[in-house]
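Below is one structure; the comments refer to it alone.
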Amino acid sequence: MPGIFDVLKKRSETPIEERKYGGIYLLLSGLLFVGTMWSVIDEVSTRRPWKEYQSEYLALSEEGWRNRLAEERTGVDSAALLDLFARRDSLESSMASEEVVNALAVVDRLDHELLDAERAVTFAKSKGDEAYYFWKKSVHEGAEDQSYRENTGRFSEDLRAATGVVDSLTALRRSIASVIDGIGAQQKEINRKISELLMPVQDAERRLDIASNSPIRILQVMMNGFDRSNFGIPKARIDRCQTCHSGWKDDMMEGAPQPFTKHPVPELLKFHDPELFGCTTCHRGQGAALTAGLAHGEDDHYWEWPLLSGKEVYASCNGCHENELYLPNGGLFNKGKQVLLESGCYGCHEIKGFIDLPKIGPELGRLDEKLDPQWLFRWVRNPKEYNTHTRMPNFRFDDRQAGAITAFLMSVGGNASRRSTGRSPAGGNASRGRELVETVGCKGCHVVGDDERMRKGRGFSYDIAPELTRAGSKLDPEWLYAWLKNPRDFRPRTQMPNLRLSDQEARDIVAYIMSLRDDRAFETAEIDLASAEVRQTGFNLAREYGCAGCHAIPGLEKENKVSVSLSNLGRKRIDEIDFGDTKVPHQWDDWFFGKVRDSRQYATDRIVSKMPVFSLADSEIVMLRTLMRGMTKEGPEQEYRRPYDRILQNVEAGRRLTQQYNCINCHQIEEIGGSIGAVLEGEGMAPPYLLPEGSKVQEEWLHEFLKAPTTIRPWLKVRMPTFGISDAEATTISNYFLGLHRQTLELRDYQEYAPDPKYVSVGKKLFEDLQCLSCHYTGTVPEGKEPADLAPDLSMAKIRLKPEWVDAWIAHPDSIAPGTRMPNFYPELGEPSPYSDDFNGDVRKQIQALREYIYTIHR
Amino acid sequence: MHNIWLLISKPDNIPIVGLLLLVILYTWWGFRRALKNDSQDISDEAMLSEKIQVWPHLVRVEFLATLLVMVILVFWSFLLDAPLEEPANPTLTPNPSKAPWYFLGLQEMLVYFDPWIAGVVLPTLIIIGLMAVPYIDVNEKGNGYYTYRERKYALWIYSFGFIVLWVSLIVLGTFWRGPGWYFFFPWETWDTHRVVALTNLDFSELFGIATKNPDTSLNPAAFIFGAVVVIGYFTLAPIYWIWKKNTGLLKKLGPVKYGVTAFLFLSMMSLPIKMILRIALNVKYVWVTPWFNI
């Protein structure tokens with residue numbers, strides 16, 4: 001066998017004219033042919049996996065709809081259908097009867113005559129107008145032309161006559177046609193019923209048709225001007241996700257495997273139509289790509305927005321809804337916002353959407369009146385050791401630092417000797433106090449002892465208010481008494497409300513709480529409270545570690561946020577993140593998780609970390625992480641967003657306020673809240689559901705109630721506290737409740753109202769027939785009834801309820817408050833009333849009568 | 001090893017690997033032919049005295065070469081997709097930011113010279129120098145055939161300038177320069193956070209002459225020192241002339257051609273000299289002036 005070099009050598013020795021090139025040519029053109037084939041195969045299959053996905057989807061869908069169609073066909077009520085067909089046929093035959101045919105002929109003739117008569121009317125009018133014009137013209141020119149005047153009169157006569165002919169012809173036609181019209185209406189009705197019966201079948205046929213006749217093609221959504229390039233130029237975004245995920249809106253694909261499955265949360269798509277918004281707006285990924293690896297981003301690590309997998313997709317909500325705390329179906333977004341808000345991250349960090357919020361911690365100052373320095377030292381040293389469920393994080397201060405901060409805090413806002421309120425808390429009954437704590441609503445915020453139902457109901461690892469299990473060893477009884485009587489006396493901005501306790505009730509509660517002792521042994525320390533130097537050290541530490549981010553501290557009123565802005569945290573790149581000496585995987589996710597889990601772990605001998613250690617549960621860190629991943633400077637362009645209008649701003653302000661005052665622990669307002677229900681015994685003992693409130697109660701009444709609550713449901717043991725809120729705050733809440741119904745605050749006079757005696761008398765009769773008083777009452781609460789069977793005092797209705805709401809409530813109570821025990825007396829508003837013939841059985845009028853009667857009960 | 005493979009298999013770098021192999025192949029091929037010719041009385045090329053027609057003998061070979069190139073490009077495009085990266089961002093340039101591969105040699109020069117010198121003066125000199133070659137190199141021997149013996153100087157200067165100073169700097173820039181334009185061995189991971197001690201000094205400071213006075217004004221002594229060194233370097237050429245006097249080469253070139261050639265050669269050699277000074281002695285500048293630094 002000759003070697004290749006021998007072949008080449010031999011070839012080079014051959015004269016050029018005699019060299020053969022055919023073999024080389026054959027080889028190269030063969031290779032080029034292979035290349036062409038290769039590109040065809042790539043184009044058809046290997047590089048176009050979406051084609052197979054789409055045909056697989058269409059086959060699945062077609063099969064599903066075919067089965068559905070067969071089911072629907074067998075499921076049709078054939079007896080009813082046959083009956084309808086028979087009726088339709090009989091109507092058709094009656095249309096062919098001699099009487100009808102004659103009538104039709106007459107109508108046809110009359111229609112022609114009418115046409116002529118109508119033309120006569122038009123002409124007469126037109127001629128009259130012309131004559132009138134020339135007559136008036138001659139008058140203005142000073143020489144009145146009598147003939148035009150006469151003509152004007154004559155044509156008016158003609159017009160009147162022609163109109164008369166039209167009217168009489170029309171009346172005649174109507175009287176004859178009514179027979180035919182009646183049959184026509186019946187036909188229409190029957191056809192409607194037939195198509196209603198056949199609708200599921202027709203729908204399935206239509207869907208089957210779509211599935212079996214769709215071509216395989218790229219499905220894309222193009223959003224013009226959705227993005228901006230890095231150079232600020234608007235550019236389109238193109239999403240082709242639907243090319244593979246073709247079943248996203250196909251009901252048949254519910255529960256099908258990926259990529260064919262239907263979108264799991266169709267409610268969200270109602271507001272974010274993928275045909276308009278695309279998919280990558282929420283899910284991220286590379287919309288233009290048509291293979292899974294590139295589209296999802298795992299095969300293209302240069303793609304800056306890889307797919308958000310699973311529930312992480314809720315991170316995207318923040319791109320547009322950064323100002324909103326709560327979104328319906330908001331999933332982890334809502335939870336993340338709640339954890340962020342309640343953990344007070346914004347105290348130290350500037351975070352988009354969390355600007356100008358009140359500090360989450362209590363005001364500090366005059367602490368010497370309230371507690372013992374040794375307790376404070378232990379608390380500052382490690383709050384979690386005292387109470388694992390506190391929101392206060394652990395700063396890991398050493399003994400010297402904690403002592404200095406204690407000395408500083410004990411000195412601010414007052415002099416270092418306990419002030420006496422002069423009112424003795426002695427003489428309380430601890431067991432009565434205990435009962436009060438259980439019932440009046442303390443447990444809506446505070447956990448006491450082993451009763452963790454409220455904590456579990458809220459579903460978070462931390463408490464919103466201090467746990468009172470061992471408060472007896474912490475607090476000064478005299479201070480506590482004064483505090484219970486009026487918390488705002490001591491802390492003007494506190495969230496703790498006034499429960500309107502009597503002196504004796506307050507004493508009982510003091511006695512109970514003082515009996516809750518702390519028998520754990522804690523280290524104590526020598527603290528030099530008097531030393532100015534030590535206090536100064538404490539002051540410096542408090543500044544350095546940003547205590548003023550959460551607490552209002554006298555002397556630290558004007559502190560800036562101590563840490564970095566997090567408004568673009570979601571875009572932080574790996575090479576901008578420091579992992580210290582840890583072995584944490586170099587991923588944004590892992591870094592964030594580790595940072596919140598143990599904020600000090602990335603510290604090294606050169607990099608100081610001052611962020612305190614929070615003890616959030618892993619699930620809560622994931623909520624926060626999901627939110628923060630979406631915390632980016634840029635978002636979609638304004639035109640693709642819901643406008644953050646006045647009403648939305650009102651709602652948002654209200655959400656923040658109700659969150660701050662913890663209204664939502666007792667009341668369910670939107671979809672969440674009402675955890676206190678877990679600790680209240682018996683149905684009907686929970687505070688009311690407040691979503692309807694804006695459309696329900698009168699604005700003036702609400703304002704007064706919020707400022708100074710009065711009793712509405714006397715059987716409730718839990719009390720609506722007096723929060724001592726300002727007029728502005730009450731307005732915010734009113735606007736919130738109204739905003740939930742897309743309304744704004746306006747003044748209305750509800751009292752200037754004269755009831756119609758006719759309505760009142762009918763209403764009274766209905767009121768008695770329907771036995772409204774078996775649950776409602778007027779004036780005094782009936783004895784011996786279960787709380788669940790009681791409903792509010794109707795004598796307050798006139799000054800409390802909006803009339804239109806009362807009407808809506810009687811008409812369909814269940815859609816206003818799902819699960820209410822109020823019966824739905826009038827399920828069909830269109831049908832005649834089953835109770836009375838008054839107003840010809842008009843349901844709406846009868847409801848109005850009931851309301852007008854109820855409004856006269858007012859004392 | 002993993003890192004070496006990552007570097008070599010990067011779609012951007014594959015042409016550079018090809019370039020490296022082709023340069024070695026052609027250099028070896030050329031020298032082989034040249035040495036063979038030198039060992040014979042008459043060169044291989046001279047024996048091909050017979051003339052043949054362009055059509056079809058040349059054109060058919062060119063056609064086949066076109067086909068071959070097309071086949072290579074087609075299969076290349078099947079196997080490697082275009083290496084696209086993230087969208088350009090004016091506020092966030094990639095690290096390392098690399099010039100197109102054919103300019104990596106220029107970019108590498110920026111390490112050793114100021115932008116004005118490395119980016120303007122030296123490239124201009126390269127172009128002017130290449131344009132001057134036909135006028136300087138008037139040696140007719142070696143035209144039309146491979147030879148080493150007749151063109152020793154030309155071959156060595158060209159090989160040094162192109163292979164060492166141009167191609168190898170491209171290879172260096174591609175495979176050895178990582179984030180921050182720091183030097184990484186191929187088996188090292190490109191660590192964005194790499195810290196390198198910056199201890200560069202000016203040349204005069206090696207001899208105890210500070211470049212700047214305490215008030216940051218230029219020290220005249222350092223200026224003069226630098227001027228002596230740089231100007232002294234370029235006076236090596238006349239010294240060589242005087243020393244060698246009347247060798248055949250000098251006679252053949254004459255003073256003007258000799259002067260131009262010597263200036264271009266010394267300018268070319270200033271790059272490796274500066275590289276050695278920088279790498280071995282941490283020299284930042286040889287001559288600091290208020291207008292330019294060398």
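Scheme for the structure tokens: letters A, B, ... for chains in order shown; per-chain residue numbers from 1; ligand numbers from 1 in order shown.
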Select, as a PDB file with N, CA and C atoms, in the first residue's frame, those residues of chain B with any atom no more than 9 Å from chain A (distances computed using only C-alpha atoms).
ATOM      1  N   ILE B  52       2.287  26.993 -18.910  1.00  0.00           N
ATOM      2  CA  ILE B  52       1.020  26.360 -19.290  1.00  0.00           C
ATOM      3  C   ILE B  52      -0.088  27.396 -19.237  1.00  0.00           C
ATOM      4  N   HIS B  57      -5.878  25.097 -16.647  1.00  0.00           N
ATOM      5  CA  HIS B  57      -5.060  24.477 -15.604  1.00  0.00           C
ATOM      6  C   HIS B  57      -5.085  25.223 -14.284  1.00  0.00           C
ATOM      7  N   ARG B  60      -9.189  25.627 -12.906  1.00  0.00           N
ATOM      8  CA  ARG B  60      -9.852  24.461 -12.315  1.00  0.00           C
ATOM      9  C   ARG B  60      -9.354  24.214 -10.901  1.00  0.00           C
ATOM     10  N   VAL B  61      -8.078  24.509 -10.657  1.00  0.00           N
ATOM     11  CA  VAL B  61      -7.572  24.341  -9.290  1.00  0.00           C
ATOM     12  C   VAL B  61      -8.203  25.383  -8.375  1.00  0.00           C
ATOM     13  N   LEU B  64     -11.645  24.301  -7.505  1.00  0.00           N
ATOM     14  CA  LEU B  64     -11.660  23.267  -6.470  1.00  0.00           C
ATOM     15  C   LEU B  64     -11.342  23.868  -5.093  1.00  0.00           C
ATOM     16  N   LEU B  67     -14.423  25.352  -3.761  1.00  0.00           N
ATOM     17  CA  LEU B  67     -15.297  24.306  -3.229  1.00  0.00           C
ATOM     18  C   LEU B  67     -14.841  23.875  -1.840  1.00  0.00           C
ATOM     19  N   LEU B  68     -13.537  23.692  -1.701  1.00  0.00           N
ATOM     20  CA  LEU B  68     -12.998  23.231  -0.423  1.00  0.00           C
ATOM     21  C   LEU B  68     -13.333  24.227   0.685  1.00  0.00           C
ATOM     22  N   MET B  70     -15.742  26.359   0.729  1.00  0.00           N
ATOM     23  CA  MET B  70     -17.186  26.314   1.010  1.00  0.00           C
ATOM     24  C   MET B  70     -17.536  25.131   1.902  1.00  0.00           C
ATOM     25  N   VAL B  71     -16.948  23.978   1.596  1.00  0.00           N
ATOM     26  CA  VAL B  71     -17.220  22.792   2.415  1.00  0.00           C
ATOM     27  C   VAL B  71     -16.803  23.047   3.864  1.00  0.00           C
ATOM     28  N   VAL B  74     -19.283  25.506   5.472  1.00  0.00           N
ATOM     29  CA  VAL B  74     -20.604  24.915   5.706  1.00  0.00           C
ATOM     30  C   VAL B  74     -20.567  24.007   6.933  1.00  0.00           C
ATOM     31  N   PHE B  75     -19.558  23.131   6.995  1.00  0.00           N
ATOM     32  CA  PHE B  75     -19.527  22.213   8.138  1.00  0.00           C
ATOM     33  C   PHE B  75     -19.192  22.928   9.438  1.00  0.00           C
ATOM     34  N   PHE B  78     -22.339  24.245  10.751  1.00  0.00           N
ATOM     35  CA  PHE B  78     -23.206  23.249  11.390  1.00  0.00           C
ATOM     36  C   PHE B  78     -22.754  22.960  12.820  1.00  0.00           C
ATOM     37  N   LEU B  84     -22.765  34.322  20.305  1.00  0.00           N
ATOM     38  CA  LEU B  84     -23.355  35.599  20.728  1.00  0.00           C
ATOM     39  C   LEU B  84     -23.304  35.703  22.243  1.00  0.00           C
ATOM     40  N   GLU B  85     -23.140  36.917  22.722  1.00  0.00           N
ATOM     41  CA  GLU B  85     -23.148  37.138  24.164  1.00  0.00           C
ATOM     42  C   GLU B  85     -24.315  38.054  24.515  1.00  0.00           C
ATOM     43  N   GLU B  86     -24.298  38.601  25.735  1.00  0.00           N
ATOM     44  CA  GLU B  86     -25.427  39.426  26.153  1.00  0.00           C
ATOM     45  C   GLU B  86     -25.457  40.726  25.343  1.00  0.00           C
ATOM     46  N   PRO B  87     -26.617  41.424  25.327  1.00  0.00           N
ATOM     47  CA  PRO B  87     -26.696  42.678  24.573  1.00  0.00           C
ATOM     48  C   PRO B  87     -25.676  43.693  25.093  1.00  0.00           C
ATOM     49  N   ALA B  88     -25.148  44.489  24.181  1.00  0.00           N
ATOM     50  CA  ALA B  88     -24.175  45.500  24.586  1.00  0.00           C
ATOM     51  C   ALA B  88     -24.782  46.452  25.597  1.00  0.00           C
ATOM     52  N   ASN B  89     -23.999  46.784  26.589  1.00  0.00           N
ATOM     53  CA  ASN B  89     -24.483  47.672  27.631  1.00  0.00           C
ATOM     54  C   ASN B  89     -23.427  48.736  27.907  1.00  0.00           C
ATOM     55  N   PRO B  90     -23.754  49.988  27.618  1.00  0.00           N
ATOM     56  CA  PRO B  90     -22.733  51.024  27.775  1.00  0.00           C
ATOM     57  C   PRO B  90     -22.298  51.223  29.223  1.00  0.00           C
ATOM     58  N   THR B  91     -23.135  50.826  30.164  1.00  0.00           N
ATOM     59  CA  THR B  91     -22.754  51.023  31.564  1.00  0.00           C
ATOM     60  C   THR B  91     -22.052  49.805  32.126  1.00  0.00           C
ATOM     61  N   THR B 192     -12.417  37.002  38.378  1.00  0.00           N
ATOM     62  CA  THR B 192     -12.660  38.441  38.243  1.00  0.00           C
ATOM     63  C   THR B 192     -12.066  39.224  39.407  1.00  0.00           C
ATOM     64  N   HIS B 193     -11.932  38.573  40.540  1.00  0.00           N
ATOM     65  CA  HIS B 193     -11.529  39.312  41.732  1.00  0.00           C
ATOM     66  C   HIS B 193     -10.025  39.213  41.994  1.00  0.00           C
TER      67      HIS B 193
END
What's the 12 Å shell around Asp12 in chain B, counting only C-alpha atoms, without same-chain residues fewer than 6 positions away, as a PDB file with C-alpha atoms, in the first residue's frame?
ATOM      1  CA  LEU B   6     -12.566  25.592  27.847  1.00  0.00           C
ATOM      2  CA  GLY B  18      -6.332  27.273  13.477  1.00  0.00           C
ATOM      3  CA  LEU B  80     -20.527  25.748  15.905  1.00  0.00           C
ATOM      4  CA  ASP B  81     -23.210  28.343  16.334  1.00  0.00           C
ATOM      5  CA  ALA B  82     -22.283  31.997  16.247  1.00  0.00           C
ATOM      6  CA  PRO B  83     -20.915  32.873  19.667  1.00  0.00           C
ATOM      7  CA  LEU B  84     -23.355  35.599  20.728  1.00  0.00           C
ATOM      8  CA  GLU B  85     -23.148  37.138  24.164  1.00  0.00           C
ATOM      9  CA  LYS B  98     -10.959  42.224  24.177  1.00  0.00           C
ATOM     10  CA  ALA B  99     -10.301  43.724  20.773  1.00  0.00           C
ATOM     11  CA  PRO B 100     -11.063  41.631  17.672  1.00  0.00           C
ATOM     12  CA  TRP B 101      -8.493  38.867  17.488  1.00  0.00           C
ATOM     13  CA  THR B 174      -6.388  35.317  23.479  1.00  0.00           C
ATOM     14  CA  PHE B 175      -5.252  32.609  25.839  1.00  0.00           C
TER      15      PHE B 175
END
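Put simply, CA of Ile509 in chain A is 21.7 Å away from CA of Gly677 in chain A.
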Can you tell me, as a list in words, what residues are no more than 8 Å from Arg434 in chain A when counting only C-alpha atoms, ignoring any on the same chain fewer than 2 positions away?
->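 Listing them by chain and then by number gives Ala430, Ser431, Arg432, Leu436, Val437, Glu438, Asp508, Ile509 and Tyr512 of chain A.
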Those in range 191-264 of chain A with strand (DSSP E or B) from DSSP, as a ChimeraX atom specification = /A:221-228,234-239
Mind checking which residues fall within 8 Å of range 391-407 of chain A, counting only C-alpha atoms, ignoring those fewer than 2 positions away in the same chain, and posting them as JSON, numbers by chain?
-> {"A": [342, 343, 373, 376, 377, 380, 381, 382, 383, 384, 389, 409, 410, 411, 462, 463, 464, 525, 526, 527, 528, 529, 530, 534, 535, 536, 537, 538, 539, 541, 542, 610, 611, 612, 613, 614, 615]}
Write out as an NGL selection string which residues come within 7 Å of range 488-505 of chain A when counting only C-alpha atoms, dropping same-chain ones fewer than 4 positions away.
-> :A and (362-363 or 428 or 433 or 483-484 or 509 or 661 or 719 or 721-723)
Using backbone DSSP assignments, extract all alpha helix (DSSP H) residues from range 15-258 of chain B; output them as an MDAnalysis selection string.
-> chainID B and resid 15:39 44:47 59:79 104:112 115:116 122:136 152:159 168:171 203:206 220:234 236:244 248:258
Point-to-point distance from CA of Ile194 in chain A to CA of Asp89 in chain A, Å rounded to tenths | 12.8 Å
Can you pull out every residue within 12 Å of Trp176 in chain B, counting only C-alpha atoms, but drop anything in the same chain fewer than 2 positions away, and send it as a PyMOL selection string?
-> chain B and resi 3-4+7-8+96+98+104+108+168-174+178-190
Based on the selection just made, write N, CA and C atoms of those residues as a PDB file, in the first residue's frame.
ATOM      1  N   ASN B   3      -9.638  23.988  32.227  1.00  0.00           N
ATOM      2  CA  ASN B   3      -9.630  25.375  31.779  1.00  0.00           C
ATOM      3  C   ASN B   3      -9.001  25.524  30.409  1.00  0.00           C
ATOM      4  N   ILE B   4      -7.941  24.735  30.153  1.00  0.00           N
ATOM      5  CA  ILE B   4      -7.294  24.807  28.839  1.00  0.00           C
ATOM      6  C   ILE B   4      -8.306  24.408  27.761  1.00  0.00           C
ATOM      7  N   LEU B   7     -10.803  27.083  27.133  1.00  0.00           N
ATOM      8  CA  LEU B   7     -10.244  28.180  26.348  1.00  0.00           C
ATOM      9  C   LEU B   7     -10.174  27.817  24.875  1.00  0.00           C
ATOM     10  N   ILE B   8      -9.649  26.599  24.615  1.00  0.00           N
ATOM     11  CA  ILE B   8      -9.426  26.218  23.222  1.00  0.00           C
ATOM     12  C   ILE B   8     -10.750  26.001  22.502  1.00  0.00           C
ATOM     13  N   PRO B  96     -12.781  40.280  30.682  1.00  0.00           N
ATOM     14  CA  PRO B  96     -11.964  41.267  29.985  1.00  0.00           C
ATOM     15  C   PRO B  96     -12.637  41.760  28.709  1.00  0.00           C
ATOM     16  N   LYS B  98     -12.033  42.520  25.125  1.00  0.00           N
ATOM     17  CA  LYS B  98     -10.959  42.224  24.177  1.00  0.00           C
ATOM     18  C   LYS B  98     -11.265  42.790  22.800  1.00  0.00           C
ATOM     19  N   LEU B 104      -5.414  42.033  18.705  1.00  0.00           N
ATOM     20  CA  LEU B 104      -5.001  41.744  20.079  1.00  0.00           C
ATOM     21  C   LEU B 104      -3.536  42.094  20.329  1.00  0.00           C
ATOM     22  N   GLU B 108      -2.245  44.330  23.306  1.00  0.00           N
ATOM     23  CA  GLU B 108      -1.205  43.885  24.226  1.00  0.00           C
ATOM     24  C   GLU B 108      -0.129  44.973  24.382  1.00  0.00           C
ATOM     25  N   SER B 168       2.307  35.911  18.040  1.00  0.00           N
ATOM     26  CA  SER B 168       2.370  35.385  19.402  1.00  0.00           C
ATOM     27  C   SER B 168       1.684  36.344  20.375  1.00  0.00           C
ATOM     28  N   LEU B 169       1.649  37.643  20.044  1.00  0.00           N
ATOM     29  CA  LEU B 169       0.907  38.557  20.925  1.00  0.00           C
ATOM     30  C   LEU B 169      -0.597  38.323  20.797  1.00  0.00           C
ATOM     31  N   ILE B 170      -1.043  37.943  19.610  1.00  0.00           N
ATOM     32  CA  ILE B 170      -2.463  37.590  19.442  1.00  0.00           C
ATOM     33  C   ILE B 170      -2.781  36.364  20.301  1.00  0.00           C
ATOM     34  N   VAL B 171      -1.889  35.364  20.229  1.00  0.00           N
ATOM     35  CA  VAL B 171      -2.100  34.153  21.024  1.00  0.00           C
ATOM     36  C   VAL B 171      -2.065  34.495  22.515  1.00  0.00           C
ATOM     37  N   LEU B 172      -1.107  35.326  22.889  1.00  0.00           N
ATOM     38  CA  LEU B 172      -1.018  35.746  24.296  1.00  0.00           C
ATOM     39  C   LEU B 172      -2.303  36.441  24.717  1.00  0.00           C
ATOM     40  N   GLY B 173      -2.758  37.374  23.872  1.00  0.00           N
ATOM     41  CA  GLY B 173      -3.965  38.123  24.218  1.00  0.00           C
ATOM     42  C   GLY B 173      -5.178  37.226  24.298  1.00  0.00           C
ATOM     43  N   THR B 174      -5.217  36.187  23.474  1.00  0.00           N
ATOM     44  CA  THR B 174      -6.388  35.317  23.479  1.00  0.00           C
ATOM     45  C   THR B 174      -6.383  34.364  24.674  1.00  0.00           C
ATOM     46  N   GLY B 178      -6.661  37.438  31.016  1.00  0.00           N
ATOM     47  CA  GLY B 178      -7.989  37.220  31.596  1.00  0.00           C
ATOM     48  C   GLY B 178      -8.573  38.515  32.121  1.00  0.00           C
ATOM     49  N   PRO B 179      -9.508  38.430  33.053  1.00  0.00           N
ATOM     50  CA  PRO B 179     -10.162  39.624  33.598  1.00  0.00           C
ATOM     51  C   PRO B 179      -9.136  40.619  34.120  1.00  0.00           C
ATOM     52  N   GLY B 180      -9.428  41.892  33.877  1.00  0.00           N
ATOM     53  CA  GLY B 180      -8.510  42.945  34.290  1.00  0.00           C
ATOM     54  C   GLY B 180      -7.260  42.969  33.423  1.00  0.00           C
ATOM     55  N   TRP B 181      -7.269  42.219  32.319  1.00  0.00           N
ATOM     56  CA  TRP B 181      -6.112  42.064  31.437  1.00  0.00           C
ATOM     57  C   TRP B 181      -4.907  41.536  32.197  1.00  0.00           C
ATOM     58  N   TYR B 182      -5.189  40.813  33.299  1.00  0.00           N
ATOM     59  CA  TYR B 182      -4.092  40.207  34.042  1.00  0.00           C
ATOM     60  C   TYR B 182      -3.652  38.943  33.338  1.00  0.00           C
ATOM     61  N   PHE B 183      -2.392  38.540  33.635  1.00  0.00           N
ATOM     62  CA  PHE B 183      -1.838  37.340  33.021  1.00  0.00           C
ATOM     63  C   PHE B 183      -2.323  36.108  33.778  1.00  0.00           C
ATOM     64  N   PHE B 184      -2.913  35.162  33.042  1.00  0.00           N
ATOM     65  CA  PHE B 184      -3.355  33.910  33.649  1.00  0.00           C
ATOM     66  C   PHE B 184      -2.717  32.775  32.879  1.00  0.00           C
ATOM     67  N   PHE B 185      -2.191  31.785  33.589  1.00  0.00           N
ATOM     68  CA  PHE B 185      -1.753  30.584  32.886  1.00  0.00           C
ATOM     69  C   PHE B 185      -2.992  29.851  32.395  1.00  0.00           C
ATOM     70  N   PRO B 186      -2.861  29.091  31.307  1.00  0.00           N
ATOM     71  CA  PRO B 186      -4.074  28.497  30.719  1.00  0.00           C
ATOM     72  C   PRO B 186      -4.812  27.576  31.694  1.00  0.00           C
ATOM     73  N   TRP B 187      -4.129  27.001  32.641  1.00  0.00           N
ATOM     74  CA  TRP B 187      -4.815  26.077  33.551  1.00  0.00           C
ATOM     75  C   TRP B 187      -5.423  26.802  34.734  1.00  0.00           C
ATOM     76  N   GLU B 188      -5.240  28.122  34.820  1.00  0.00           N
ATOM     77  CA  GLU B 188      -5.824  28.866  35.933  1.00  0.00           C
ATOM     78  C   GLU B 188      -7.244  29.314  35.589  1.00  0.00           C
ATOM     79  N   THR B 189      -8.098  29.374  36.615  1.00  0.00           N
ATOM     80  CA  THR B 189      -9.450  29.884  36.403  1.00  0.00           C
ATOM     81  C   THR B 189      -9.410  31.403  36.277  1.00  0.00           C
ATOM     82  N   TRP B 190     -10.200  31.939  35.372  1.00  0.00           N
ATOM     83  CA  TRP B 190     -10.259  33.400  35.224  1.00  0.00           C
ATOM     84  C   TRP B 190     -11.064  33.995  36.368  1.00  0.00           C
TER      85      TRP B 190
END
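As for CA of Lys274 in chain B and CA of Pro123 in chain B, they are spaced 16.2 Å apart.
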Might you pull out every residue within 6 Å of Arg470 in chain A, with only C-alpha atoms counted and same-chain residues fewer than 5 positions away left off, and present them as a VMD selection string?
-> chain A and resid 516 to 518
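Distance annotation: of A:Tyr777, A:Met628, A:Ser619, A:Gly654, the residue with the minimal separation from Trp588 in chain A is A:Met628; atom set is only C-alpha atoms.
Closest to Pro255 in chain B among B:Ile136, B:Ile209, B:Val286, B:Leu22 is B:Ile136, based on only C-alpha atoms.
Closest approach to Leu702 in chain A from the set A:Asn318, A:Thr524, A:Thr732, A:Ser795 is made by A:Thr732, with distances taken over only C-alpha atoms.
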